[in-house]
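Peer 1: Before I ask anything, here is the structure I am working with.
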Amino acid sequence: MAELLEVKNLSVSFFTPAGEVQAVRDVSFSLRAGEVLAIVGESGCGKSVLCKSILHLLPPSARRKSGTIAVNGRDITRLRERELQKLRGSLFSMVFQDPMTALNPSMTVGAQLAAAVHVHAPRLRGAALEQRVLELMRLVGIDRPEERRGLYPHHFSGGMRQRVVLAIALAGDPSILFADEPTTALDVTIQAQILDLLREIQQKLGTATVFVTHDLGAVARVADRVAVMYAGKIVELGTAEDIFYDPRHPYTWGLLQSLPALSRGKPRLHTIPGMPPTLIDPPKGDAFACRNEYALAIDYEEEPPMFRISDTHFAATWLLDPRAPHITPPIGGERHG
């Protein structure tokens, strides 16, 4: 598959009265046409900032310090706002976490969908525009769209509102869809329905999807590849099979151990000790070292490079250095560095 999106050495900081917050630090990854890439990690690790950096939706206090963002081989980092507005919705679009705050409570869902369609197809009017609105509502699984297009957001459940937000995001037929924790505000049953819907739409339309979450259970349901983020950096990158069946970074081990399914029969759910570091002044060496029971002396002195495990699997941990000691990880079999 072709490389649709390529991010290279991207660093983004927020400049606040307390100091410079290094939210994204030297991040590189690619997204192929038609695939689902999940970005996972604890709250505050930089997942959402990374996605909003690509769409240029950051506040004035943020600044891209380095790196490039290329879509279909075109570098979009230096485009003006007017040029970027033409790309948003048509080239890439975003589904936000809380559908109630993403929708206008004073407009019917049909009117909001029609407005989104009109932005990308201004010549579409009358019956043709109405037909497109109904088509989008059916696409995201909203039954009886002829009746429901005249309802307001408060008439819909959380799951149905998220379907409306997804329909609006798809109004411009984007090549890339960013889904920023789209199931967090929903109950478990509805979460599963929305995840299945995202996967169904991705397969039907061929839309590449960047799925941001802290829920590894959701990742297992939808992702082709997974990027694990910690303290503003990608620390492990691989296929879903690589990450779930052969994880190599201690942080990934901790995340997987925290899954309830792996704690059956144990007195308590596993937790990763300690707290993530402040990104105003990131620690020297490996940012995860102070929480890592397998940390080596070098972890406190030098930042590990991204070691290649296979053609699809990479991890930034000194445990993968040939000089590292043998480790029997809590997830998977015995590994040498």
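In the structure tokens, chains take the letters A, B, ... in the order shown, each chain's residues start at 1, and ligands count up from 1 in the order shown.
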Quick one: which region 212-269 of chain A residues come within 12 Å of region 163-182 of chain A, and what is the nearest atom pair for each with the distance in Å to one decimal, counting only C-alpha atoms, rows ordered by chain and ascending number, as CSV?
Peer 2:
residue,atom,partner,partner_atom,distance
A:Val212,CA,A:Asp180,CA,4.8
A:Thr213,CA,A:Glu181,CA,4.9
A:His214,CA,A:Glu181,CA,7.8
A:Asp215,CA,A:Glu181,CA,8.8
A:Leu216,CA,A:Glu181,CA,11.8
A:Ala218,CA,A:Glu181,CA,9.9
A:Val219,CA,A:Glu181,CA,10.9
A:Val222,CA,A:Ala179,CA,11.9
Peer 1: For the selection you just gave me, I'd like the residues written to a file as a PDB file, in the first residue's frame, keeping C-alpha atoms.
Peer 2:
ATOM      1  CA  VAL A 212      -6.440   7.695  19.297  1.00  0.00           C
ATOM      2  CA  THR A 213      -7.208   5.835  22.513  1.00  0.00           C
ATOM      3  CA  HIS A 214      -5.927   4.621  25.878  1.00  0.00           C
ATOM      4  CA  ASP A 215      -8.059   1.467  25.617  1.00  0.00           C
ATOM      5  CA  LEU A 216      -6.051  -1.513  24.370  1.00  0.00           C
ATOM      6  CA  ALA A 218     -10.530  -1.104  21.530  1.00  0.00           C
ATOM      7  CA  VAL A 219      -7.184  -1.284  19.728  1.00  0.00           C
ATOM      8  CA  VAL A 222      -9.989  -2.224  15.051  1.00  0.00           C
TER       9      VAL A 222
END
Peer 1: Could you give me the residues within region 160-322 of chain A that DSSP places in helix (DSSP H, G or I), as number ranges by chain?
Peer 2: A: 160-169, 188-205, 216-222, 240-245, 250-257, 260-263, 289-291, 297-300, 318-320
Peer 1: Identify which of the residues A:Gln162, A:Gln257, A:Gln85, A:Thr312 lies closest to Gln193 (chain A), counting only C-alpha atoms when measuring atom-to-atom distances.
Peer 2: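 Ranking A:Gln162, A:Gln257, A:Gln85, A:Thr312 by distance to Gln193 (chain A), first place goes to A:Gln162.
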Peer 1: One decimal, in Å: what's the spacing between CA of Leu10 (chain A) and CA of Leu320 (chain A)?
Peer 2: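 Going from CA of Leu10 (chain A) over to CA of Leu320 (chain A) covers 24.1 Å.
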Peer 1: What's the 7 Å shell around region 27-42 of chain A, counting only C-alpha atoms, without same-chain residues fewer than 3 positions away, as a short mmCIF file (atom, residue, chain, number, x, y, z; two decimals) with C-alpha atoms, in the first residue's frame?
Peer 2:
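Contents of around-v8.cif, as written:
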data_model
loop_
_atom_site.label_atom_id
_atom_site.label_comp_id
_atom_site.auth_asym_id
_atom_site.auth_seq_id
_atom_site.Cartn_x
_atom_site.Cartn_y
_atom_site.Cartn_z
CA MET A 1 0.00 0.00 0.00
CA ALA A 2 1.13 3.57 -0.74
CA GLU A 3 2.29 5.90 2.04
CA LEU A 4 -0.58 8.34 2.39
CA LEU A 5 0.75 10.27 5.40
CA GLU A 6 4.38 10.62 6.51
CA VAL A 7 5.38 12.42 9.69
CA LYS A 8 9.12 12.85 10.22
CA ASN A 9 10.89 14.11 13.36
CA LEU A 10 7.92 16.19 14.49
CA SER A 11 8.36 18.21 17.69
CA VAL A 24 5.45 15.98 21.04
CA CYS A 45 1.36 11.47 26.52
CA LYS A 47 -1.68 11.55 21.38
CA GLN A 202 -13.00 2.07 6.80
CA GLY A 206 -11.10 2.67 2.02
CA THR A 207 -10.51 5.60 4.38
CA ALA A 208 -7.23 5.51 6.31
CA THR A 209 -7.90 5.99 10.03
CA VAL A 210 -5.78 7.25 12.92
CA PHE A 211 -7.50 5.98 16.05
CA VAL A 212 -6.44 7.70 19.30
CA THR A 213 -7.21 5.84 22.51
CA HIS A 214 -5.93 4.62 25.88
CA VAL A 219 -7.18 -1.28 19.73
CA ALA A 223 -6.26 -1.63 14.50
CA ASP A 224 -3.93 -2.89 11.78
CA ARG A 225 -0.87 -1.20 13.31
CA VAL A 226 -0.20 0.32 16.73
CA ALA A 227 2.02 3.18 17.91
CA VAL A 228 2.61 3.27 21.67
CA MET A 229 3.33 6.78 22.99
CA TYR A 230 4.95 7.82 26.24
CA LYS A 233 7.50 10.07 22.02
CA ILE A 234 6.60 6.89 20.16
#
Peer 1: Which residue gives the smallest distance to Pro260 (chain A) among A:Gly217, A:Arg63, A:Glu241, A:Arg148, with only C-alpha atoms counted?
Peer 2: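 Using only C-alpha atoms, the shortest distance to Pro260 (chain A) belongs to A:Gly217.
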Peer 1: Tell me which of A:Glu200, A:Pro247, A:Ala116, A:Gly141 sits closest to Leu129 (chain A), counting only C-alpha atoms.
Peer 2: A:Ala116
Peer 1: Would you please work out which residue, of A:Gly159, A:His270, A:Asn104, A:Val133, is nearest to Thr189 (chain A) when using only C-alpha atoms?
Peer 2: A:Gly159
Peer 1: From the options A:Leu279, A:Ala220, A:Val117, A:Val71, which residue's atoms come nearest to Ala240 (chain A), counting only C-alpha atoms?
Peer 2: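 Counting only C-alpha atoms, the residue closest to Ala240 (chain A) is A:Ala220.
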Peer 1: Nearest to Ser258 (chain A): which of A:Met137, A:Leu198, A:Ile331, A:Ala114 is it, counting only C-alpha atoms?
Peer 2: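 Closest to Ser258 (chain A), using only C-alpha atoms: A:Ile331.
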Peer 1: Report as a count of residues only all protein, DNA and RNA residues lying within 7 Å of Gln22 (chain A), evaluated on only C-alpha atoms, omitting residues in the same chain fewer than 6 positions from it.
Peer 2: 5
